[in-house]
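Everything on this sheet refers to the single structure shown next.
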There are 2 protein chains.
Amino acid sequence: MTTAKKAAPPSERRADLIRHAADLFAEKGFRATTVREIADAAGILSGSLYHHFDSKESIGDEILREFLDDVLAGYREAAAGTQDPRVAIERMVRSSTAALSRHRAALTMLQNDWAYFSAQKRFAYLRAAMREIELNWIAQLERGKQDGHFRADLDARLIYRLLRDILWIPTSWKQARGKSWKTDEIVDGLLRLLFDGITAR
Amino acid sequence: MTTAKKAAPPSERRADLIRHAADLFAEKGFRATTVREIADAAGILSGSLYHHFDSKESIGDEILREFLDDVLAGYREAAAGTQDPRVAIERMVRSSTAALSRHRAALTMLQNDWAYFSAQKRFAYLRAAMREIELNWIAQLERGKQDGHFRADLDARLIYRLLRDILWIPTSWKQARGKSWKTDEIVDGLLRLLFDGITAR
DNA sequence: CCTACTTGCCCAAACGCTTGCTCGGTCCTA
DNA sequence: TAGGACCGAGCAAGCGTTTGGGCAAGTAGG
């Protein structure tokens with residue numbers, strides 16, 4: 001996913017604007033965020049944004065691409081160097097969580113505005129990337145079934161779907177009111193739940 | 001949650017319009033849905049909607065109230081007539097899932113437009129209801145810990161948060177492409193995951 | 001060292017369009 | 001003939017975006 005054909009000279013100011021936009025997208029979603037709000041956050045007038053980007057969607061595009069690249073890179077690392085699907089899955093859980101907390105805006109956008117993005121051909125790569133992510137998980141789950149580490153009766157696709165959406169969750173708690181858990185607490189609780197359930201033995 | 005002070009004569013047509021609106025809210029969320037789209041779906045002009053409702057938010061309000069009433073009623077039934085927290089929790093999982101599939105629009109609205117609604121005092125009851133729901137779950141989890149059915153080291157509040165958001169998930173798969181699971185399959189898979197995890201024994 | 005010109009960043013104002021909503025009037029039914 | 005349901009037209013506000021210009025920093029040439 002290299003830079004687009006024409007625009008995108010990676011200036012310092014430009015990256016700064018993307019960060020401001022991402023903060024807002026992370027809290028309100030893409031469609032619910034106004035270009036005027038982005039401009040305000042950056043101490044600028046809305047029209048001035050178009051000196052750096054040719055559209056609001058270009059900002060979203062850049063944020064989403066970076067996120068997907070990061071996630072898939074993490075999976076490649078997780079799968080490399082181990083034959084044990086339990087190890088691979090634990091690594092994938094941890095790397096996913098880390099990537100999500102690094103790209104909170106992308107998560108909110110995928111959750112809130114998926115219908116909006118996936119309907120545009122410009123964002124066709126979203127579907128492709130999600131598909132690739134799915135294949136990574138299913139591959140490990142199936143291997144675990146075959147070598148006896150996981151229950152033979154589990155539906156890999158179903159478990160993946162559950163797992164994927166479950167992993168989204170803690171990231172959207174970031175600015176939780178009252179007590180907030182550390183990321184490690186959450187991930188450990190999640191892994192424990194995933195492998196062992198809540199029942200006492 | 002009785003009907004509001006002034007408006008809302010429960011005519012047949014009115015209920016019909018709410019159903020049309022709910023279908024759209026379920027797919028696109030509240031803010032992303034236009035009053036003109038709602039009117040189109042009902043074969044009407046947008047202005048004519050205001051003969052039945054005094055605002056778009058009133059439609060959302062009614063949908064949300066019905067959902068919350070339904071959920072809490074289900075929890076009261078689940079807790080009544082059993083002392084075993086495992087039974088109570090299984091009942092709560094099943095009744096929640098049923099309620100969610102009955103009120104898909106409310107789910108999408110709470111997911112996509114929570115920030116929008118919860119910022120308005122008109123929707124202050126949302127926070128109160130969510131709090132009551134949380135207390136129901138935590139009560140059962142704590143009882144399970146004390147009588148030894150559940151692991152003594154689990155964080156009830158954390159598990160509740162995970163569980164709540166996990167229960168949202170399958171409902172938002174309704175119009176999934178390709179293979180789609182039956183609700184029972186999903187719930188059973190979920191309960192199995194919750195109690196036992198994915199590890200083979 | 002002064003000048004001329006470029007370049008990056010931003011302002012001010014407005015454009016066309018969509019949004020939720022209003023209002024006077026018309027139609028149909030009882 | 002009274003009243004519920006809807007039309008038709010439009011309003012103000014907000015949206016993403018465009019346009020023309022201003023201003024400071026840099027860079028070359030004389």
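We label chains A, B, ... in the order they appear in the structure tokens, count residues from 1 in each chain, and number ligands from 1 in the order shown.
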
Contacts of C:DC21 at 12 Å (only C-alpha atoms (C1' of nucleotides); same-chain gap of 2+ positions) as a CSV table (one decimal) with all heavy atoms, in the first residue's frame:
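File produced: out-v6.csv:
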chain,number,residue,atom,x,y,z
B,35,VAL,N,-34.9,11.3,7.4
B,35,VAL,CA,-36.3,11.3,7.4
B,35,VAL,C,-37.0,11.0,6.1
B,35,VAL,O,-38.0,10.4,6.0
B,35,VAL,CB,-36.9,12.6,8.1
B,35,VAL,CG1,-36.4,12.7,9.5
B,35,VAL,CG2,-36.5,13.7,7.3
B,36,ARG,N,-36.3,11.5,5.0
B,36,ARG,CA,-36.8,11.3,3.7
B,36,ARG,C,-36.7,9.8,3.3
B,36,ARG,O,-37.6,9.3,2.6
B,36,ARG,CB,-36.0,12.1,2.7
B,36,ARG,CG,-36.6,13.5,2.5
B,36,ARG,CD,-35.7,14.5,1.8
B,36,ARG,NE,-35.1,15.5,2.7
B,36,ARG,CZ,-35.6,16.8,2.7
B,36,ARG,NH1,-36.6,17.1,1.9
B,36,ARG,NH2,-35.1,17.7,3.5
B,46,SER,N,-41.7,13.3,3.2
B,46,SER,CA,-41.0,13.4,4.5
B,46,SER,C,-41.8,14.3,5.4
B,46,SER,O,-41.9,14.0,6.6
B,46,SER,CB,-39.6,14.0,4.2
B,46,SER,OG,-39.7,15.4,3.8
B,47,GLY,N,-42.4,15.4,4.9
B,47,GLY,CA,-43.1,16.3,5.8
B,47,GLY,C,-44.3,15.6,6.5
B,47,GLY,O,-44.7,15.9,7.6
B,48,SER,N,-44.9,14.6,5.8
B,48,SER,CA,-46.0,13.9,6.4
B,48,SER,C,-45.7,13.1,7.6
B,48,SER,O,-46.6,12.8,8.4
B,48,SER,CB,-46.7,13.0,5.3
B,48,SER,OG,-46.9,13.8,4.1
B,49,LEU,N,-44.5,12.8,7.8
B,49,LEU,CA,-44.1,12.1,9.0
B,49,LEU,C,-44.4,12.9,10.3
B,49,LEU,O,-44.7,12.3,11.3
B,49,LEU,CB,-42.6,11.8,9.0
B,49,LEU,CG,-42.1,10.5,8.2
B,49,LEU,CD1,-40.6,10.5,8.3
B,49,LEU,CD2,-42.7,9.3,8.8
B,50,TYR,N,-44.4,14.2,10.1
B,50,TYR,CA,-44.6,15.0,11.3
B,50,TYR,C,-46.0,15.2,11.7
B,50,TYR,O,-46.4,15.9,12.6
B,50,TYR,CB,-43.9,16.4,11.1
B,50,TYR,CG,-42.4,16.2,11.0
B,50,TYR,CD1,-41.7,15.7,9.9
B,50,TYR,CD2,-41.6,16.4,12.2
B,50,TYR,CE1,-40.4,15.5,9.9
B,50,TYR,CE2,-40.3,16.2,12.2
B,50,TYR,CZ,-39.6,15.8,11.0
B,50,TYR,OH,-38.3,15.6,11.0
B,51,HIS,N,-46.9,14.5,10.9
B,51,HIS,CA,-48.3,14.4,11.4
B,51,HIS,C,-48.4,13.3,12.5
B,51,HIS,O,-49.2,13.4,13.3
B,51,HIS,CB,-49.2,14.0,10.2
B,51,HIS,CG,-50.6,13.8,10.6
B,51,HIS,ND1,-51.4,14.8,11.0
B,51,HIS,CD2,-51.3,12.6,10.7
B,51,HIS,CE1,-52.6,14.2,11.3
B,51,HIS,NE2,-52.5,12.9,11.1
B,53,PHE,N,-45.3,12.1,14.3
B,53,PHE,CA,-44.2,12.3,15.3
B,53,PHE,C,-43.8,13.8,15.3
B,53,PHE,O,-43.9,14.4,14.3
B,53,PHE,CB,-43.0,11.4,15.0
B,53,PHE,CG,-43.3,10.0,14.7
B,53,PHE,CD1,-43.5,9.6,13.4
B,53,PHE,CD2,-43.5,9.1,15.7
B,53,PHE,CE1,-43.8,8.2,13.1
B,53,PHE,CE2,-43.8,7.8,15.5
B,53,PHE,CZ,-44.0,7.3,14.2
B,54,ASP,N,-43.4,14.2,16.5
B,54,ASP,CA,-43.0,15.6,16.5
B,54,ASP,C,-41.5,15.8,16.2
B,54,ASP,O,-41.1,17.0,16.1
B,54,ASP,CB,-43.4,16.2,17.9
B,54,ASP,CG,-42.7,15.4,19.0
B,54,ASP,OD1,-42.4,14.3,18.8
B,54,ASP,OD2,-42.5,16.0,20.1
B,55,SER,N,-40.8,14.7,16.1
B,55,SER,CA,-39.4,14.8,15.7
B,55,SER,C,-38.9,13.5,15.3
B,55,SER,O,-39.5,12.4,15.7
B,55,SER,CB,-38.6,15.5,16.8
B,55,SER,OG,-38.3,14.6,17.8
B,56,LYS,N,-37.7,13.5,14.7
B,56,LYS,CA,-37.1,12.2,14.3
B,56,LYS,C,-36.6,11.5,15.6
B,56,LYS,O,-36.7,10.3,15.7
B,56,LYS,CB,-35.8,12.5,13.5
B,56,LYS,CG,-35.0,11.3,13.0
B,56,LYS,CD,-33.7,11.7,12.3
B,56,LYS,CE,-32.8,10.6,12.0
B,56,LYS,NZ,-31.5,11.0,11.5
C,19,DT,P,-29.9,13.8,2.9
C,19,DT,OP1,-29.4,12.5,3.3
C,19,DT,OP2,-31.1,13.9,2.0
C,19,DT,O5',-30.2,14.6,4.3
C,19,DT,C5',-29.2,14.7,5.3
C,19,DT,C4',-29.7,15.7,6.3
C,19,DT,O4',-29.7,17.0,5.7
C,19,DT,C3',-31.1,15.6,6.9
C,19,DT,O3',-31.1,14.7,8.0
C,19,DT,C2',-31.5,17.0,7.3
C,19,DT,C1',-30.6,17.9,6.4
C,19,DT,N1,-31.3,18.7,5.5
C,19,DT,C2,-31.7,20.0,5.8
C,19,DT,O2,-31.4,20.5,6.9
C,19,DT,N3,-32.4,20.7,4.9
C,19,DT,C4,-32.7,20.3,3.6
C,19,DT,O4,-33.3,21.0,2.8
C,19,DT,C5,-32.3,18.9,3.3
C,19,DT,C7,-32.7,18.3,1.9
C,19,DT,C6,-31.7,18.2,4.2
C,23,DC,P,-45.0,26.5,11.8
C,23,DC,OP1,-44.7,27.8,12.5
C,23,DC,OP2,-45.7,25.4,12.6
C,23,DC,O5',-45.9,26.8,10.5
C,23,DC,C5',-45.3,27.1,9.3
C,23,DC,C4',-46.3,27.1,8.2
C,23,DC,O4',-46.0,25.9,7.3
C,23,DC,C3',-47.7,27.0,8.6
C,23,DC,O3',-48.5,27.8,7.7
C,23,DC,C2',-48.1,25.5,8.4
C,23,DC,C1',-47.2,25.2,7.2
C,23,DC,N1,-46.9,23.7,7.0
C,23,DC,C2,-46.7,23.2,5.7
C,23,DC,O2,-46.8,23.9,4.8
C,23,DC,N3,-46.4,21.9,5.6
C,23,DC,C4,-46.3,21.1,6.8
C,23,DC,N4,-46.0,19.8,6.6
C,23,DC,C5,-46.5,21.7,8.0
C,23,DC,C6,-46.8,23.0,8.1
D,10,DG,P,-41.8,27.0,-3.9
D,10,DG,OP1,-42.1,28.3,-4.4
D,10,DG,OP2,-40.9,26.0,-4.6
D,10,DG,O5',-41.1,27.2,-2.4
D,10,DG,C5',-41.9,27.8,-1.4
D,10,DG,C4',-41.3,27.5,-0.1
D,10,DG,O4',-41.3,26.0,0.2
D,10,DG,C3',-39.8,27.9,0.1
D,10,DG,O3',-39.7,29.0,0.9
D,10,DG,C2',-39.1,26.7,0.7
D,10,DG,C1',-40.3,25.8,1.1
D,10,DG,N9,-39.9,24.4,1.2
D,10,DG,C8,-39.7,23.6,0.1
D,10,DG,N7,-39.4,22.4,0.5
D,10,DG,C5,-39.5,22.4,1.9
D,10,DG,C6,-39.3,21.4,2.8
D,10,DG,O6,-38.9,20.2,2.6
D,10,DG,N1,-39.4,21.9,4.1
D,10,DG,C2,-39.8,23.1,4.5
D,10,DG,N2,-39.9,23.4,5.7
D,10,DG,N3,-40.0,24.1,3.6
D,10,DG,C4,-39.8,23.7,2.3
D,11,DC,P,-38.4,30.0,0.8
D,11,DC,OP1,-38.9,31.3,0.4
D,11,DC,OP2,-37.4,29.3,0.0
D,11,DC,O5',-37.9,30.0,2.3
D,11,DC,C5',-38.9,30.1,3.4
D,11,DC,C4',-38.3,29.4,4.7
D,11,DC,O4',-38.3,28.0,4.6
D,11,DC,C3',-36.8,29.8,4.8
D,11,DC,O3',-36.6,30.7,5.9
D,11,DC,C2',-36.1,28.5,5.1
D,11,DC,C1',-37.2,27.4,5.2
D,11,DC,N1,-36.9,26.2,4.5
D,11,DC,C2,-36.6,25.0,5.2
D,11,DC,O2,-36.6,25.1,6.4
D,11,DC,N3,-36.2,23.9,4.6
D,11,DC,C4,-36.2,23.9,3.2
D,11,DC,N4,-35.9,22.7,2.6
D,11,DC,C5,-36.6,25.0,2.5
D,11,DC,C6,-36.8,26.1,3.1
D,12,DA,P,-35.3,31.6,5.9
D,12,DA,OP1,-35.8,32.9,6.5
D,12,DA,OP2,-34.6,31.5,4.7
D,12,DA,O5',-34.5,30.9,7.0
D,12,DA,C5',-35.0,30.5,8.3
D,12,DA,C4',-34.2,29.5,9.0
D,12,DA,O4',-34.2,28.2,8.2
D,12,DA,C3',-32.7,29.9,9.1
D,12,DA,O3',-32.2,29.5,10.4
D,12,DA,C2',-32.0,29.1,8.0
D,12,DA,C1',-32.8,27.9,8.0
D,12,DA,N9,-32.8,27.2,6.7
D,12,DA,C8,-32.9,27.7,5.4
D,12,DA,N7,-32.9,26.9,4.4
D,12,DA,C5,-32.8,25.7,5.1
D,12,DA,C6,-32.8,24.3,4.6
D,12,DA,N6,-32.8,24.0,3.3
D,12,DA,N1,-32.7,23.3,5.5
D,12,DA,C2,-32.7,23.6,6.8
D,12,DA,N3,-32.7,24.8,7.4
D,12,DA,C4,-32.8,25.8,6.4
D,13,DA,P,-30.8,30.1,10.8
D,13,DA,OP1,-30.9,30.6,12.2
D,13,DA,OP2,-30.1,30.9,9.8
D,13,DA,O5',-29.9,28.7,10.9
D,13,DA,C5',-30.6,27.6,11.5
D,13,DA,C4',-29.8,26.3,11.2
D,13,DA,O4',-30.1,25.9,9.8
D,13,DA,C3',-28.3,26.4,11.2
D,13,DA,O3',-27.8,25.4,12.0
D,13,DA,C2',-27.8,26.3,9.8
D,13,DA,C1',-28.9,25.4,9.2
D,13,DA,N9,-29.1,25.6,7.7
D,13,DA,C8,-29.2,26.8,7.0
D,13,DA,N7,-29.3,26.6,5.8
D,13,DA,C5,-29.3,25.3,5.6
D,13,DA,C6,-29.5,24.5,4.4
D,13,DA,N6,-29.6,24.9,3.2
D,13,DA,N1,-29.4,23.1,4.6
D,13,DA,C2,-29.3,22.6,5.8
D,13,DA,N3,-29.2,23.3,7.0
D,13,DA,C4,-29.2,24.6,6.8

| field | Sel. of helix (DSSP H, G or I) residues, stretch 12-194 of chain A, as a PyMOL selection string | value | chain A and resi 12-28+35-41+46-51+56-79+85-102+104-112+114-118+121-146+156-171+183-194

| said: Only residues of chain D matter here; which ones have an atom within 10 Å of chain A, counting only C-alpha atoms (C1' of nucleotides)? Give them as a PyMOL selection string. | reply: chain D and resi 14-18

Output of the above residues as an mmCIF file, in the first residue's frame, restricted to C-alpha atoms (C1' of nucleotides):
data_model
loop_
_atom_site.group_PDB
_atom_site.id
_atom_site.type_symbol
_atom_site.label_atom_id
_atom_site.label_comp_id
_atom_site.auth_asym_id
_atom_site.auth_seq_id
_atom_site.Cartn_x
_atom_site.Cartn_y
_atom_site.Cartn_z
ATOM 1 C "C1'" DG D 14 -25.253 22.536 8.251
ATOM 2 C "C1'" DC D 15 -22.539 19.811 5.089
ATOM 3 C "C1'" DG D 16 -18.141 19.000 1.883
ATOM 4 C "C1'" DT D 17 -15.827 21.592 -1.291
ATOM 5 C "C1'" DT D 18 -13.970 25.546 -4.415
#

| said: What's around D:DT19 at 10 Å? Count only C-alpha atoms (C1' of nucleotides), leave out sequence neighbours fewer than 6 positions away in its own chain, and write the answer as a PyMOL selection string. | reply: chain C and resi 13-15

Based on the selection just made, write C-alpha atoms (C1' of nucleotides) of those residues as a PDB file, in the first residue's frame.
ATOM      1  C1'  DA C  13     -16.127  34.053   1.350  1.00  0.00           C
ATOM      2  C1'  DA C  14     -18.987  31.623  -0.986  1.00  0.00           C
ATOM      3  C1'  DC C  15     -20.990  27.601  -3.834  1.00  0.00           C
TER       4       DC C  15
END

| query | Could you write out as a PyMOL selection string the residues of chain B within 10 Å of chain A, counting only C-alpha atoms? | reply | chain B and resi 27-29+31-32+86+108+111-116+141+144-145+148-155+157-159+161-170+173+179-181+185-186+189-201

Near B:Val71, within 8 Å and counting only C-alpha atoms (C1' of nucleotides), which residues show up once chain neighbours fewer than 6 positions away are dropped, as a CSV table (one decimal) with C-alpha atoms, in the first residue's frame?
chain,number,residue,atom,x,y,z
B,95,SER,CA,-33.3,-14.0,26.8
B,96,SER,CA,-30.8,-11.2,25.8
B,99,ALA,CA,-34.6,-9.6,22.9

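The interatomic distance for the pair atom C1' of D:DT1 and atom C1' of C:DT29 works out to 11.5 Å.
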
Do a neighbour search on stretch 20-29 of chain D at 9 Å with only C-alpha atoms (C1' of nucleotides), toss out local chain neighbours closer than 2 positions, and write the hits as a CSV table (one decimal) with N, CA and C atoms (P, O5', C5', C4', C3', O3' and C1' of nucleotides), in the first residue's frame.
chain,number,residue,atom,x,y,z
C,3,DT,P,15.8,46.8,-2.7
C,3,DT,O5',15.5,45.7,-3.9
C,3,DT,C5',16.2,45.8,-5.1
C,3,DT,C4',16.0,44.5,-5.9
C,3,DT,C3',14.5,44.1,-6.1
C,3,DT,O3',14.2,44.2,-7.5
C,3,DT,C1',15.8,42.2,-5.5
C,4,DA,P,12.7,44.1,-8.0
C,4,DA,O5',12.6,42.5,-8.4
C,4,DA,C5',13.4,42.0,-9.4
C,4,DA,C4',13.1,40.5,-9.6
C,4,DA,C3',11.7,40.2,-9.7
C,4,DA,O3',11.5,39.3,-10.8
C,4,DA,C1',12.6,39.0,-7.9
C,5,DC,P,10.0,38.8,-11.2
C,5,DC,O5',9.9,37.3,-10.7
C,5,DC,C5',11.1,36.5,-10.9
C,5,DC,C4',10.9,35.2,-10.0
C,5,DC,C3',9.5,34.7,-9.9
C,5,DC,O3',9.4,33.4,-10.5
C,5,DC,C1',10.5,34.8,-7.8
C,6,DT,P,8.0,32.6,-10.6
C,6,DT,O5',8.2,31.5,-9.5
C,6,DT,C5',9.5,30.8,-9.4
C,6,DT,C4',9.6,30.0,-8.1
C,6,DT,C3',8.4,29.1,-7.8
C,6,DT,O3',8.9,27.8,-7.6
C,6,DT,C1',9.0,30.5,-5.9
C,7,DT,P,7.9,26.6,-7.6
C,7,DT,O5',7.7,26.4,-6.0
C,7,DT,C5',8.8,26.3,-5.1
C,7,DT,C4',8.2,26.3,-3.7
C,7,DT,C3',6.9,25.5,-3.5
C,7,DT,O3',7.1,24.5,-2.5
C,7,DT,C1',6.8,27.6,-2.4
C,8,DG,P,6.0,23.4,-2.2
C,8,DG,O5',5.5,23.9,-0.7
C,8,DG,C5',6.5,24.0,0.3
C,8,DG,C4',5.8,24.6,1.5
C,8,DG,C3',4.5,23.8,1.9
C,8,DG,O3',4.5,23.7,3.4
C,8,DG,C1',4.1,26.1,1.6
C,10,DC,P,-1.2,25.5,8.1
C,10,DC,O5',-2.2,26.7,7.7
C,10,DC,C5',-2.0,27.9,8.3
C,10,DC,C4',-2.8,29.0,7.6
C,10,DC,C3',-4.3,28.8,7.6
C,10,DC,O3',-4.8,29.6,8.7
C,10,DC,C1',-3.5,29.6,5.5
C,11,DC,P,-6.4,29.7,9.0
C,11,DC,O5',-6.8,31.0,8.2
C,11,DC,C5',-6.1,32.2,8.3
C,11,DC,C4',-6.7,33.3,7.4
C,11,DC,C3',-8.2,33.5,7.6
C,11,DC,O3',-8.5,34.9,7.6
C,11,DC,C1',-7.8,33.0,5.3

| message | Show me, as a ChimeraX atom specification, the residues that have an atom within 7 Å of stretch 132-140 of chain A when counting only C-alpha atoms (C1' of nucleotides), minus same-chain residues fewer than 4 positions from it. | response | /A:72,85,89,128,144,156-157,160
